[in-house]
Amino acid sequence: MKTIKNIIATAVFLSFILFSVLGLAGIVALPGFVLAEDISVTAMVKNG
Amino acid sequence: MANTIKQYKSTIFAGAGLFSVLFTVLVLAGIVSLPNFVSAANPETVNVTATISEWLSLALTTNTANLGELVSSAGVLTVGSATSGITASSNSSDGYSVTIIGTNGGLNGSNGGSIVTPATGVTTTCSTSTDGTNAYGAQATSATLAVSSPFNVSGNVVGSVASSSQKMLSSTYATTTKTATLTVKASANKYDQNGTYTDTLTLTAVATP
C-alpha cells in the first residue's frame, strides 16, 4: 500500500515538472496569459 | 468517627478549594474545555471555495499588411498604408495591454537598404514631397481601448515599430470585447534601392500583473 502511494506521488510530481517544462518551452499552451499575433509587412520599391 | 471527620474537615475543604482554583485556571487557559451546552454560541462552519481562472484573447482580422508600391516603375511616390483590426478581451481583474515590436527594426530591402523606423517612443512622418521621405511606422485608433504614445497619432504621422517592445493599447478590467484598428504606413525616398521590403510586427497581449 505504501509502495503504491509512493508511486502515485512520484508520478504526480513528475507530471507537474514535465507540464511546467513543456509550458515554459511553449510546447503546451498554458491558459492564455500572454498571446501573440504576427503581421507580415511588405512594400515594393520599383525604380524605373 | 465524628472526631475523624472533624480532624480532616479543613484538609477536605482545602483540597476542594485548590481543585476548584486549578480547574478554573485550566478552563480559562483553554487546556480543559467545558461541554458545549449552548450550540448557538459555538456554531460549526463550512468553508466554501471556487476558482475562476484568468483568460486572455487576442485576434487580428488579417496577418498581412501589403503597403504596395512606395515607388512605382515610373518613379511615382506613394505613402503605403494597410490596416488590420484588433480584437482583445480578458477577465483579468487588473486589465491587460497589447504591445508591439518589429522584428527588423525597419523594412529590410531584398536588394539591400532599408526603410527606417524611428527610435522607440518617437514618431516620424511619411511623405512623398520632393524626393520622398524614408519613413516607416504604425498608428492605432480605438473607441474602447486606451492608445499609448507614440501610436496615438493620425494622418501620415506614425509611431516607432522598433525592435524593442512598446505598449500600444491597454484596458482596465472590462466585461466586453474591445476593438482597435492598427494602421501601418511607410514612404520611401525615390533613390531607395528597388526591391521588396519586409518586416514582421508582433502584437502581444499581456494580462496586467
# chains A, B, ... in the order shown; residues from 1 in each chain; ligands from 1

$ residues_around --residues "B:Ala143" --least-positions-apart "3" --cutoff "9 Å" --atoms "only C-alpha atoms" --output "tab-separated table (two decimals) with C-alpha atoms, in the first residue's frame"
chain	number	residue	atom	x	y	z
B	146	ALA	CA	-6.57	53.37	-24.49
B	178	LYS	CA	-12.73	45.57	-27.21
B	179	THR	CA	-11.52	46.50	-30.67
B	180	ALA	CA	-8.91	48.73	-32.26

$ interface_residues --of "chain B" --to "chain A" --cutoff "8 Å" --atoms "only C-alpha atoms" --output "number ranges by chain"
B: 54-60, 62-75, 80, 107, 188, 190-207

$ closest_residue --among "B:Gly106, B:Gly121, B:Gly112, B:Pro209" --to "B:Ser187" --atoms "only C-alpha atoms"
B:Gly106
